[in-house]
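With PDB, C-alpha atoms inside, this is work.pdb:
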ATOM      1  CA  MET V   1      -7.328  28.740 -19.611
ATOM      2  CA  GLU V   2      -5.943  25.405 -20.761
ATOM      3  CA  ASN V   3      -3.009  25.305 -23.143
ATOM      4  CA  TYR V   4      -3.519  23.099 -26.229
ATOM      5  CA  THR V   5       0.121  22.760 -27.323
ATOM      6  CA  TYR V   6       0.580  19.509 -29.258
ATOM      7  CA  ASN V   7       2.930  16.999 -27.555
ATOM      8  CA  SER V   8       4.572  19.687 -25.411
ATOM      9  CA  LEU V   9       7.382  18.413 -23.178
ATOM     10  CA  THR V  10       6.624  21.103 -20.599
ATOM     11  CA  LEU V  11       3.553  20.459 -18.467
ATOM     12  CA  GLN V  12       1.929  22.467 -15.706
ATOM     13  CA  LEU V  13       0.797  21.079 -12.369
ATOM     14  CA  GLU V  14      -2.373  22.589 -10.948
ATOM     15  CA  GLY V  15      -1.259  21.715  -7.429
ATOM     16  CA  LEU V  16      -3.106  22.616  -4.257
ATOM     17  CA  ARG V  17      -5.181  25.753  -4.079
ATOM     18  CA  ILE V  18      -4.080  27.223  -0.762
ATOM     19  CA  THR V  19      -4.140  30.759   0.602
ATOM     20  CA  LYS V  20      -1.016  32.720   1.517
ATOM     21  CA  THR V  21      -1.812  32.398   5.212
ATOM     22  CA  ASN V  22      -2.075  28.584   4.978
ATOM     23  CA  LYS V  23       0.913  28.114   2.680
ATOM     24  CA  TYR V  24       3.670  27.936   5.310
ATOM     25  CA  PRO V  25       1.801  25.908   7.974
ATOM     26  CA  ILE V  26       0.912  23.294   5.334
ATOM     27  CA  PHE V  27       4.498  23.312   4.019
ATOM     28  CA  ILE V  28       5.983  22.852   7.511
ATOM     29  CA  PHE V  29       3.490  20.102   8.416
ATOM     30  CA  LEU V  30       4.149  18.174   5.203
ATOM     31  CA  LEU V  31       7.924  18.642   5.530
ATOM     32  CA  LEU V  32       7.973  17.351   9.113
ATOM     33  CA  THR V  33       5.775  14.414   8.101
ATOM     34  CA  TYR V  34       8.153  13.560   5.243
ATOM     35  CA  VAL V  35      11.202  13.748   7.533
ATOM     36  CA  PHE V  36       9.437  11.478  10.025
ATOM     37  CA  ILE V  37       8.627   8.983   7.231
ATOM     38  CA  LEU V  38      12.307   8.872   6.227
ATOM     39  CA  ILE V  39      13.654   8.527   9.774
ATOM     40  CA  ALA V  40      11.048   6.011  10.975
ATOM     41  CA  ASN V  41      11.117   3.718   7.939
ATOM     42  CA  MET V  42      14.867   3.794   7.349
ATOM     43  CA  GLY V  43      15.376   3.390  11.099
ATOM     44  CA  ILE V  44      13.273   0.212  11.065
ATOM     45  CA  VAL V  45      15.186  -1.144   8.048
ATOM     46  CA  LEU V  46      18.581  -0.412   9.648
ATOM     47  CA  LEU V  47      17.472  -1.920  12.960
ATOM     48  CA  ILE V  48      16.330  -5.129  11.260
ATOM     49  CA  TRP V  49      19.553  -5.259   9.225
ATOM     50  CA  MET V  50      21.846  -4.770  12.280
ATOM     51  CA  GLU V  51      20.007  -6.941  14.817
ATOM     52  CA  ARG V  52      20.483 -10.658  14.137
ATOM     53  CA  SER V  53      17.479 -11.481  16.333
ATOM     54  CA  LEU V  54      15.296  -9.655  13.789
ATOM     55  CA  HIS V  55      16.580 -11.644  10.793
ATOM     56  CA  GLN V  56      13.251 -13.447  10.563
ATOM     57  CA  PRO V  57      10.971 -13.707   7.511
ATOM     58  CA  MET V  58       8.269 -11.549   9.106
ATOM     59  CA  TYR V  59      10.626  -8.599   9.612
ATOM     60  CA  LEU V  60      12.545  -9.088   6.367
ATOM     61  CA  LEU V  61       9.271  -8.973   4.431
ATOM     62  CA  PHE V  62       8.210  -5.859   6.341
ATOM     63  CA  CYS V  63      11.385  -4.149   5.080
ATOM     64  CA  ASN V  64       9.763  -4.208   1.625
ATOM     65  CA  LEU V  65       6.930  -2.072   2.943
ATOM     66  CA  SER V  66       9.346   0.447   4.497
ATOM     67  CA  VAL V  67      11.418   0.666   1.306
ATOM     68  CA  ASN V  68       8.220   1.150  -0.705
ATOM     69  CA  ASP V  69       7.063   3.944   1.633
ATOM     70  CA  VAL V  70      10.408   5.744   1.384
ATOM     71  CA  MET V  71      10.587   5.343  -2.409
ATOM     72  CA  GLY V  72       7.006   6.467  -2.996
ATOM     73  CA  ASN V  73       7.211   9.526  -0.766
ATOM     74  CA  SER V  74      10.732  10.581  -1.771
ATOM     75  CA  LEU V  75       9.826  10.903  -5.452
ATOM     76  CA  LEU V  76       6.541  12.715  -4.808
ATOM     77  CA  VAL V  77       6.537  14.764  -1.586
ATOM     78  CA  PRO V  78       9.618  16.966  -2.298
ATOM     79  CA  ARG V  79       8.034  18.071  -5.568
ATOM     80  CA  VAL V  80       4.730  18.841  -3.805
ATOM     81  CA  LEU V  81       6.635  20.858  -1.178
ATOM     82  CA  ALA V  82       8.383  22.895  -3.882
ATOM     83  CA  ASP V  83       5.089  23.577  -5.674
ATOM     84  CA  ILE V  84       3.407  24.779  -2.468
ATOM     85  CA  LEU V  85       5.881  27.661  -2.299
ATOM     86  CA  ALA V  86       5.820  28.359  -6.051
ATOM     87  CA  PRO V  87       3.177  30.547  -7.738
ATOM     88  CA  PRO V  88       0.714  28.518  -9.899
ATOM     89  CA  PRO V  89       2.217  29.700 -13.261
ATOM     90  CA  GLU V  90       5.669  28.449 -12.172
ATOM     91  CA  ARG V  91       4.567  24.913 -11.289
ATOM     92  CA  LEU V  92       6.089  23.421 -14.414
ATOM     93  CA  ILE V  93       7.331  19.865 -14.892
ATOM     94  CA  HIS V  94       9.074  18.094 -17.753
ATOM     95  CA  TYR V  95       7.055  15.335 -19.409
ATOM     96  CA  TYR V  96       9.664  12.661 -18.650
ATOM     97  CA  GLU V  97       9.771  13.651 -14.974
ATOM     98  CA  CYS V  98       5.984  13.514 -14.990
ATOM     99  CA  VAL V  99       6.034   9.971 -16.400
ATOM    100  CA  MET V 100       8.554   8.946 -13.718
ATOM    101  CA  GLN V 101       6.280  10.403 -11.035
ATOM    102  CA  ALA V 102       3.312   8.518 -12.462
ATOM    103  CA  PHE V 103       5.307   5.270 -12.548
ATOM    104  CA  THR V 104       6.406   5.782  -8.934
ATOM    105  CA  ALA V 105       2.881   6.600  -7.770
ATOM    106  CA  SER V 106       1.479   3.463  -9.437
ATOM    107  CA  MET V 107       4.321   1.265  -8.161
ATOM    108  CA  PHE V 108       3.802   2.617  -4.641
ATOM    109  CA  GLY V 109       0.128   1.687  -4.592
ATOM    110  CA  THR V 110       0.566  -1.680  -6.315
ATOM    111  CA  ASN V 111       3.546  -2.686  -4.169
ATOM    112  CA  ALA V 112       1.582  -1.923  -1.014
ATOM    113  CA  HIS V 113      -0.932  -4.613  -2.040
ATOM    114  CA  THR V 114       1.562  -7.233  -3.232
ATOM    115  CA  VAL V 115       3.867  -6.821  -0.210
ATOM    116  CA  LEU V 116       0.989  -7.096   2.259
ATOM    117  CA  MET V 117      -0.168 -10.214   0.379
ATOM    118  CA  ILE V 118       3.165 -11.982   0.884
ATOM    119  CA  MET V 119       3.202 -10.835   4.515
ATOM    120  CA  ALA V 120      -0.230 -12.449   4.917
ATOM    121  CA  PHE V 121       1.171 -15.706   3.498
ATOM    122  CA  ASP V 122       3.990 -15.579   6.059
ATOM    123  CA  ARG V 123       1.491 -15.159   8.912
ATOM    124  CA  TYR V 124      -0.610 -18.021   7.549
ATOM    125  CA  VAL V 125       2.351 -20.418   7.530
ATOM    126  CA  ALA V 126       3.533 -19.262  10.977
ATOM    127  CA  ILE V 127       0.159 -19.854  12.645
ATOM    128  CA  CYS V 128      -1.396 -22.701  10.637
ATOM    129  CA  ASN V 129       1.825 -24.691  10.042
ATOM    130  CA  PRO V 130       4.148 -23.686  12.920
ATOM    131  CA  LEU V 131       6.130 -26.944  12.841
ATOM    132  CA  ARG V 132       6.933 -26.519   9.130
ATOM    133  CA  TYR V 133       7.486 -22.754   9.289
ATOM    134  CA  SER V 134      11.288 -22.895   9.311
ATOM    135  CA  THR V 135      11.373 -25.341   6.395
ATOM    136  CA  ILE V 136       8.872 -23.374   4.288
ATOM    137  CA  MET V 137       9.939 -19.789   5.036
ATOM    138  CA  THR V 138      13.614 -20.174   4.191
ATOM    139  CA  ASN V 139      15.847 -17.357   2.951
ATOM    140  CA  LYS V 140      15.240 -18.532  -0.616
ATOM    141  CA  MET V 141      11.474 -18.371  -0.092
ATOM    142  CA  VAL V 142      11.745 -14.843   1.342
ATOM    143  CA  ILE V 143      13.742 -13.776  -1.721
ATOM    144  CA  ARG V 144      11.245 -15.434  -4.079
ATOM    145  CA  LEU V 145       8.296 -13.757  -2.379
ATOM    146  CA  THR V 146      10.051 -10.370  -2.463
ATOM    147  CA  VAL V 147      10.984 -10.676  -6.138
ATOM    148  CA  SER V 148       7.459 -11.827  -6.961
ATOM    149  CA  ALA V 149       5.848  -8.890  -5.138
ATOM    150  CA  TRP V 150       8.034  -6.281  -6.848
ATOM    151  CA  GLY V 151       8.127  -8.118 -10.194
ATOM    152  CA  VAL V 152       4.345  -8.448 -10.535
ATOM    153  CA  ALA V 153       3.911  -4.778  -9.618
ATOM    154  CA  PHE V 154       6.584  -3.727 -12.131
ATOM    155  CA  VAL V 155       4.998  -5.671 -15.010
ATOM    156  CA  LEU V 156       1.446  -4.487 -14.286
ATOM    157  CA  VAL V 157       2.497  -0.849 -13.898
ATOM    158  CA  GLY V 158       4.836  -1.048 -16.900
ATOM    159  CA  ILE V 159       1.951  -2.091 -19.163
ATOM    160  CA  LEU V 160      -0.270   0.604 -17.618
ATOM    161  CA  LEU V 161       2.231   3.389 -18.318
ATOM    162  CA  GLY V 162       3.181   1.899 -21.696
ATOM    163  CA  LEU V 163      -0.401   2.289 -22.886
ATOM    164  CA  THR V 164      -0.393   5.880 -21.660
ATOM    165  CA  ILE V 165       2.872   7.169 -23.148
ATOM    166  CA  ARG V 166       1.889   5.899 -26.600
ATOM    167  CA  LEU V 167      -0.835   8.575 -26.738
ATOM    168  CA  ASN V 168      -0.321  11.970 -28.348
ATOM    169  CA  ARG V 169      -0.972  14.904 -26.031
ATOM    170  CA  CYS V 170      -2.922  18.057 -26.840
ATOM    171  CA  ARG V 171      -3.160  19.473 -23.306
ATOM    172  CA  THR V 172      -0.545  20.525 -20.764
ATOM    173  CA  MET V 173      -2.415  20.969 -17.475
ATOM    174  CA  ILE V 174      -2.079  18.184 -14.871
ATOM    175  CA  MET V 175      -5.185  18.443 -12.674
ATOM    176  CA  ASN V 176      -3.425  16.985  -9.650
ATOM    177  CA  PRO V 177      -0.724  17.912  -7.074
ATOM    178  CA  TYR V 178       1.557  15.366  -8.778
ATOM    179  CA  CYS V 179       1.534  13.267 -11.940
ATOM    180  CA  ASP V 180      -0.274   9.953 -12.001
ATOM    181  CA  ASN V 181      -1.369   7.669 -14.817
ATOM    182  CA  ALA V 182      -4.913   9.047 -15.067
ATOM    183  CA  SER V 183      -3.657  12.641 -15.131
ATOM    184  CA  ILE V 184      -1.303  11.903 -18.027
ATOM    185  CA  PHE V 185      -3.716  10.042 -20.313
ATOM    186  CA  LYS V 186      -6.294  12.779 -19.693
ATOM    187  CA  LEU V 187      -3.890  15.099 -21.542
ATOM    188  CA  SER V 188      -4.628  13.197 -24.754
ATOM    189  CA  CYS V 189      -7.346  14.059 -27.270
ATOM    190  CA  GLU V 190      -7.226  10.507 -28.671
ATOM    191  CA  ASP V 191      -9.480   7.597 -27.788
ATOM    192  CA  VAL V 192      -8.436   6.261 -24.374
ATOM    193  CA  LEU V 193     -10.845   3.301 -24.307
ATOM    194  CA  ILE V 194      -7.990   0.773 -24.130
ATOM    195  CA  ASN V 195      -6.446   2.699 -21.239
ATOM    196  CA  ASN V 196      -9.753   2.734 -19.369
ATOM    197  CA  ILE V 197     -10.342  -0.988 -19.975
ATOM    198  CA  TYR V 198      -6.840  -1.995 -18.852
ATOM    199  CA  GLY V 199      -6.941   0.437 -15.916
ATOM    200  CA  LEU V 200     -10.256  -1.014 -14.740
ATOM    201  CA  THR V 201      -9.032  -4.592 -15.255
ATOM    202  CA  PHE V 202      -5.785  -3.743 -13.461
ATOM    203  CA  THR V 203      -7.694  -2.319 -10.467
ATOM    204  CA  VAL V 204     -10.221  -5.177 -10.298
ATOM    205  CA  VAL V 205      -7.556  -7.899 -10.534
ATOM    206  CA  LEU V 206      -5.298  -6.221  -7.970
ATOM    207  CA  LEU V 207      -8.051  -5.493  -5.454
ATOM    208  CA  SER V 208      -9.790  -8.856  -5.868
ATOM    209  CA  SER V 209      -6.476 -10.726  -5.496
ATOM    210  CA  SER V 210      -5.462  -8.614  -2.521
ATOM    211  CA  ILE V 211      -8.792  -8.691  -0.667
ATOM    212  CA  GLY V 212      -9.384 -12.327  -1.621
ATOM    213  CA  SER V 213      -6.000 -13.473  -0.308
ATOM    214  CA  ILE V 214      -6.473 -11.546   2.948
ATOM    215  CA  ILE V 215      -9.958 -13.006   3.503
ATOM    216  CA  LEU V 216      -8.778 -16.544   2.676
ATOM    217  CA  THR V 217      -5.665 -16.252   4.839
ATOM    218  CA  TYR V 218      -7.461 -14.832   7.858
ATOM    219  CA  SER V 219     -10.308 -17.330   7.536
ATOM    220  CA  LYS V 220      -7.804 -20.170   7.805
ATOM    221  CA  ILE V 221      -5.983 -18.432  10.667
ATOM    222  CA  THR V 222      -9.266 -17.895  12.528
ATOM    223  CA  ALA V 223     -10.231 -21.539  11.997
ATOM    224  CA  ALA V 224      -6.833 -22.666  13.309
ATOM    225  CA  CYS V 225      -7.195 -20.488  16.411
ATOM    226  CA  LEU V 226     -10.736 -21.702  17.121
ATOM    227  CA  THR V 227      -9.721 -25.366  16.909
ATOM    228  CA  SER V 228      -6.535 -24.844  18.914
ATOM    229  CA  LYS V 229      -6.488 -24.960  22.711
ATOM    230  CA  SER V 230      -3.097 -23.273  22.884
ATOM    231  CA  LYS V 231      -3.368 -19.855  24.520
ATOM    232  CA  SER V 232       0.143 -18.911  23.376
ATOM    233  CA  LEU V 233      -0.775 -19.629  19.733
ATOM    234  CA  ASN V 234      -3.957 -17.564  19.964
ATOM    235  CA  SER V 235      -2.105 -14.700  21.665
ATOM    236  CA  LYS V 236       0.607 -14.756  18.992
ATOM    237  CA  ALA V 237      -1.984 -14.835  16.225
ATOM    238  CA  LEU V 238      -3.920 -11.939  17.722
ATOM    239  CA  LYS V 239      -0.838  -9.744  18.103
ATOM    240  CA  THR V 240       0.860 -10.365  14.755
ATOM    241  CA  CYS V 241      -2.299 -10.579  12.663
ATOM    242  CA  SER V 242      -3.888  -7.483  14.190
ATOM    243  CA  THR V 243      -0.770  -5.519  13.236
ATOM    244  CA  HIS V 244      -0.806  -6.810   9.671
ATOM    245  CA  LEU V 245      -4.556  -6.308   9.309
ATOM    246  CA  CYS V 246      -4.294  -2.759  10.647
ATOM    247  CA  LEU V 247      -1.629  -1.895   8.055
ATOM    248  CA  TYR V 248      -3.752  -3.426   5.305
ATOM    249  CA  LEU V 249      -6.896  -1.534   6.303
ATOM    250  CA  ILE V 250      -5.035   1.793   6.438
ATOM    251  CA  MET V 251      -3.707   1.226   2.924
ATOM    252  CA  LEU V 252      -7.045  -0.037   1.599
ATOM    253  CA  VAL V 253      -9.153   2.792   3.048
ATOM    254  CA  SER V 254      -6.687   5.445   1.825
ATOM    255  CA  GLY V 255      -6.807   3.988  -1.686
ATOM    256  CA  MET V 256     -10.589   3.529  -1.736
ATOM    257  CA  VAL V 257     -11.186   7.147  -0.719
ATOM    258  CA  LEU V 258      -8.916   8.346  -3.523
ATOM    259  CA  ILE V 259     -10.608   6.102  -6.124
ATOM    260  CA  ALA V 260     -14.076   7.198  -4.978
ATOM    261  CA  LEU V 261     -13.226  10.912  -5.160
ATOM    262  CA  HIS V 262     -12.059  10.486  -8.775
ATOM    263  CA  ARG V 263     -15.740   9.875  -9.624
ATOM    264  CA  PHE V 264     -16.825  13.259  -8.239
ATOM    265  CA  PRO V 265     -15.235  16.194 -10.120
ATOM    266  CA  GLN V 266     -16.931  18.692  -7.788
ATOM    267  CA  TYR V 267     -14.675  17.449  -4.976
ATOM    268  CA  ALA V 268     -11.433  18.046  -6.879
ATOM    269  CA  GLU V 269      -9.667  19.717  -3.929
ATOM    270  CA  TYR V 270     -10.566  16.877  -1.583
ATOM    271  CA  ARG V 271      -9.231  14.443  -4.177
ATOM    272  CA  LYS V 272      -5.909  16.308  -4.325
ATOM    273  CA  ILE V 273      -5.576  16.232  -0.551
ATOM    274  CA  SER V 274      -6.478  12.534  -0.425
ATOM    275  CA  ALA V 275      -3.884  11.833  -3.148
ATOM    276  CA  ILE V 276      -1.178  13.270  -0.882
ATOM    277  CA  LEU V 277      -2.553  11.553   2.222
ATOM    278  CA  PHE V 278      -2.566   8.217   0.354
ATOM    279  CA  ASN V 279       1.236   8.475   0.371
ATOM    280  CA  VAL V 280       2.023  10.095   3.723
ATOM    281  CA  VAL V 281      -0.551   8.416   6.022
ATOM    282  CA  PRO V 282       0.489   4.751   5.452
ATOM    283  CA  GLY V 283       4.159   5.794   5.292
ATOM    284  CA  SER V 284       3.849   7.494   8.696
ATOM    285  CA  LEU V 285       1.724   4.890  10.459
ATOM    286  CA  ASN V 286       3.277   1.648   9.168
ATOM    287  CA  PRO V 287       6.565   1.871  11.145
ATOM    288  CA  VAL V 288       4.780   3.222  14.245
ATOM    289  CA  ILE V 289       2.173   0.449  14.341
ATOM    290  CA  TYR V 290       4.696  -2.287  13.585
ATOM    291  CA  GLY V 291       7.222  -0.855  16.041
ATOM    292  CA  LEU V 292       4.695  -0.620  18.870
ATOM    293  CA  GLN V 293       3.083  -4.022  18.264
ATOM    294  CA  SER V 294       6.256  -6.050  17.668
ATOM    295  CA  HIS V 295       7.743  -7.221  20.955
ATOM    296  CA  GLU V 296      11.127  -7.965  19.357
ATOM    297  CA  ILE V 297      11.466  -4.525  17.713
ATOM    298  CA  HIS V 298      10.265  -2.830  20.883
ATOM    299  CA  LYS V 299      12.826  -4.808  22.902
ATOM    300  CA  CYS V 300      15.692  -3.907  20.539
ATOM    301  CA  LEU V 301      14.780  -0.208  20.606
ATOM    302  CA  THR V 302      14.594  -0.286  24.413
ATOM    303  CA  ASN V 303      18.048  -1.884  24.625
ATOM    304  CA  ILE V 304      19.527   0.730  22.279
ATOM    305  CA  PHE V 305      18.093   3.656  24.278
ATOM    306  CA  GLN V 306      19.182   2.115  27.572
ATOM    307  CA  LEU V 307      22.695   1.616  26.190
ATOM    308  CA  ARG V 308      22.874   5.292  25.192
ATOM    309  CA  LYS V 309      21.863   6.332  28.707
ATOM    310  CA  VAL V 310      24.553   4.142  30.263
ATOM    311  CA  MET V 311      27.435   5.079  27.928
ATOM    312  CA  PRO V 312      27.944   8.737  29.077
ATOM    313  CA  SER V 313      28.521   7.511  32.651
ATOM    314  CA  PHE V 314      31.799   5.783  31.671
TER     315      PHE V 314
END
Serialized structure, structure tokens:
Amino acid sequence: MENYTYNSLTLQLEGLRITKTNKYPIFIFLLLTYVFILIANMGIVLLIWMERSLHQPMYLLFCNLSVNDVMGNSLLVPRVLADILAPPPERLIHYYECVMQAFTASMFGTNAHTVLMIMAFDRYVAICNPLRYSTIMTNKMVIRLTVSAWGVAFVLVGILLGLTIRLNRCRTMIMNPYCDNASIFKLSCEDVLINNIYGLTFTVVLLSSSIGSIILTYSKITAACLTSKSKSLNSKALKTCSTHLCLYLIMLVSGMVLIALHRFPQYAEYRKISAILFNVVPGSLNPVIYGLQSHEIHKCLTNIFQLRKVMPSF
């Protein structure tokens, strides 16, 4: 039965509907996945920060993706873990914490697009203008691209949440494992037409800009590879671009599945699971794919492990 308390600061999360027998296996799996996300992503960031050979625009820009994965999962997954062990009536959350969760969830998804867009630009310059790469992708340019990626996401998400928190609430049940923008404005009994229009515009602009920039970038890269007779250039393009494209497709498919399931209320449980997977799947796979594909990162990791094997012998 839904509670119709007017503008209540205490909300209830519906969470996942899991049986007692599945509760602990799911909890352990999600906990181990979260720990792996923290170790893998922070490990990549620390490795890039400590190794001077990795102080290149490509790796510095990738750090944004790792930071985004850690931020997004750290503010969402621990709460989901706590709610798995709690009985449904005790899955309560303060409204302000709910808004912060929604802001984080939206920033996580938006940042994933904007960061991958600036990474695509870096790959375009590296392959299509290799002689000018060092003059274009300077430290200042890396900082500008980073600030732009996070700044655009912050403004877009800020407006999105600003339109939502202005609404009065007459419900308290969040029909999701965590708070997101749609879940919060669905608590209102007021007209949410403006929210729906901006939300749709937001999604269309973000996806069209993201997909459009990837298509344009890779079209130019493909054209450069086809006209070039350099095998080393084509090999470099294939390795670095396949990694970037793989990361982009993982993020895009995860997001598309979640958006599609929002249109089918009868698949509410699948939507909840996909909402969690949208955070943990890219966060788990991004450092693995980049670490395995990048020769420089692989080389640095190999040197570190070899050094640890040698040190005890002294």
For atom CA of V:Arg132 and atom CA of V:Met117, quote the distance in Å rounded to one decimal.
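Atom CA of V:Met117 lies 19.8 Å from atom CA of V:Arg132.
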Compile the contact shell of V:Val125 as an mmCIF file with C-alpha atoms, keeping the file's coordinate frame: residues with an atom at most 12 Å away, counting all atoms listed in the file, same-chain residues fewer than 4 positions apart removed.
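Wrote it out as around.cif, contents follow:
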data_model
loop_
_atom_site.group_PDB
_atom_site.id
_atom_site.type_symbol
_atom_site.label_atom_id
_atom_site.label_comp_id
_atom_site.auth_asym_id
_atom_site.auth_seq_id
_atom_site.Cartn_x
_atom_site.Cartn_y
_atom_site.Cartn_z
ATOM 1 C CA PRO V 57 10.971 -13.707 7.511
ATOM 2 C CA MET V 58 8.269 -11.549 9.106
ATOM 3 C CA ILE V 118 3.165 -11.982 0.884
ATOM 4 C CA MET V 119 3.202 -10.835 4.515
ATOM 5 C CA ALA V 120 -0.230 -12.449 4.917
ATOM 6 C CA PHE V 121 1.171 -15.706 3.498
ATOM 7 C CA ASN V 129 1.825 -24.691 10.042
ATOM 8 C CA PRO V 130 4.148 -23.686 12.920
ATOM 9 C CA LEU V 131 6.130 -26.944 12.841
ATOM 10 C CA ARG V 132 6.933 -26.519 9.130
ATOM 11 C CA TYR V 133 7.486 -22.754 9.289
ATOM 12 C CA SER V 134 11.288 -22.895 9.311
ATOM 13 C CA THR V 135 11.373 -25.341 6.395
ATOM 14 C CA ILE V 136 8.872 -23.374 4.288
ATOM 15 C CA MET V 137 9.939 -19.789 5.036
ATOM 16 C CA THR V 138 13.614 -20.174 4.191
ATOM 17 C CA THR V 217 -5.665 -16.252 4.839
ATOM 18 C CA TYR V 218 -7.461 -14.832 7.858
ATOM 19 C CA LYS V 220 -7.804 -20.170 7.805
ATOM 20 C CA ILE V 221 -5.983 -18.432 10.667
ATOM 21 C CA ALA V 224 -6.833 -22.666 13.309
ATOM 22 C CA ALA V 237 -1.984 -14.835 16.225
#
Protein and nucleic acid residues near (-0.8, -0.8, 1.8) (cut-off 9 Å, only C-alpha atoms) as a list in words:
Leu65, Phe108, Gly109, Thr110, Asn111, Ala112, His113, Thr114, Val115, Leu116, Leu247, Tyr248, Leu249, Ile250, Met251, Leu252, Ser254, Gly255, Pro282, Gly283 and Asn286 of chain V
Determine the residue membership of the PyMOL selection byres ((chain V and resi 190-195) around 7) for the file above and supply it as a ChimeraX atom specification.
/V:163-164,167,188-189,196-199
Just how far from atom CA of V:Leu30 is atom CA of V:Leu81, in Å to one decimal?
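Between these atoms lies a distance of 7.4 Å.
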Atom CA of V:Asn64 and atom CA of V:Leu46, how far apart in Å?
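Between atom CA of V:Leu46 and atom CA of V:Asn64 the gap works out to 12.5 Å.
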Within 12 Å of stretch 67-73 of chain V: each stretch 132-197 of chain V residue with its shortest pair, all atoms listed in the file, as a Markdown table:
| residue | atom | partner | partner_atom | distance |
| --- | --- | --- | --- | --- |
| V:Thr146 | CA | V:Val67 | CA | 11.7 |
| V:Ala149 | CA | V:Asn68 | CA | 11.2 |
| V:Trp150 | CA | V:Asn68 | CA | 9.6 |
| V:Ala153 | CA | V:Asn68 | CA | 11.5 |
| V:Tyr178 | CA | V:Asn73 | CA | 11.4 |
Tell me which residues come within 12 Å of (13.8, -8.6, 11.1), as a ChimeraX atom specification, counting all atoms listed in the file in the file's coordinates.
/V:44-64,142,290-291,294-298,300
Picked residues, the PyMOL selection byres ((chain V and resi 100) around 12), as JSON, numbers by chain:
{"V": [72, 75, 76, 93, 94, 95, 96, 97, 98, 99, 101, 102, 103, 104, 105, 106, 107, 157, 158, 161, 162, 165, 178, 179, 180, 181, 184]}
Would you mind listing what lies within 12 Å of V:Val80 as a ChimeraX atom specification, with all atoms listed in the file counted and same-chain residues fewer than 2 positions away left out?
/V:13-16,23,26-27,30-31,34,73-78,82-86,91-93,101,176-179,272-273,275-277,279-280
To test your reading of the syntax: which residues would the PyMOL selection byres ((chain V and resi 240) around 10) return for the file shown? Reply as a compact mmCIF listing (two decimals) with C-alpha atoms, in the coordinates of the input.
# COMPACT_ATOMS: atom_id res chain seq x y z
CA MET V 58 8.27 -11.55 9.11
CA ARG V 123 1.49 -15.16 8.91
CA ILE V 127 0.16 -19.85 12.64
CA SER V 235 -2.10 -14.70 21.66
CA LYS V 236 0.61 -14.76 18.99
CA ALA V 237 -1.98 -14.84 16.23
CA LEU V 238 -3.92 -11.94 17.72
CA LYS V 239 -0.84 -9.74 18.10
CA CYS V 241 -2.30 -10.58 12.66
CA SER V 242 -3.89 -7.48 14.19
CA THR V 243 -0.77 -5.52 13.24
CA HIS V 244 -0.81 -6.81 9.67
CA LEU V 245 -4.56 -6.31 9.31
CA TYR V 290 4.70 -2.29 13.58
CA GLN V 293 3.08 -4.02 18.26
CA SER V 294 6.26 -6.05 17.67
CA HIS V 295 7.74 -7.22 20.96
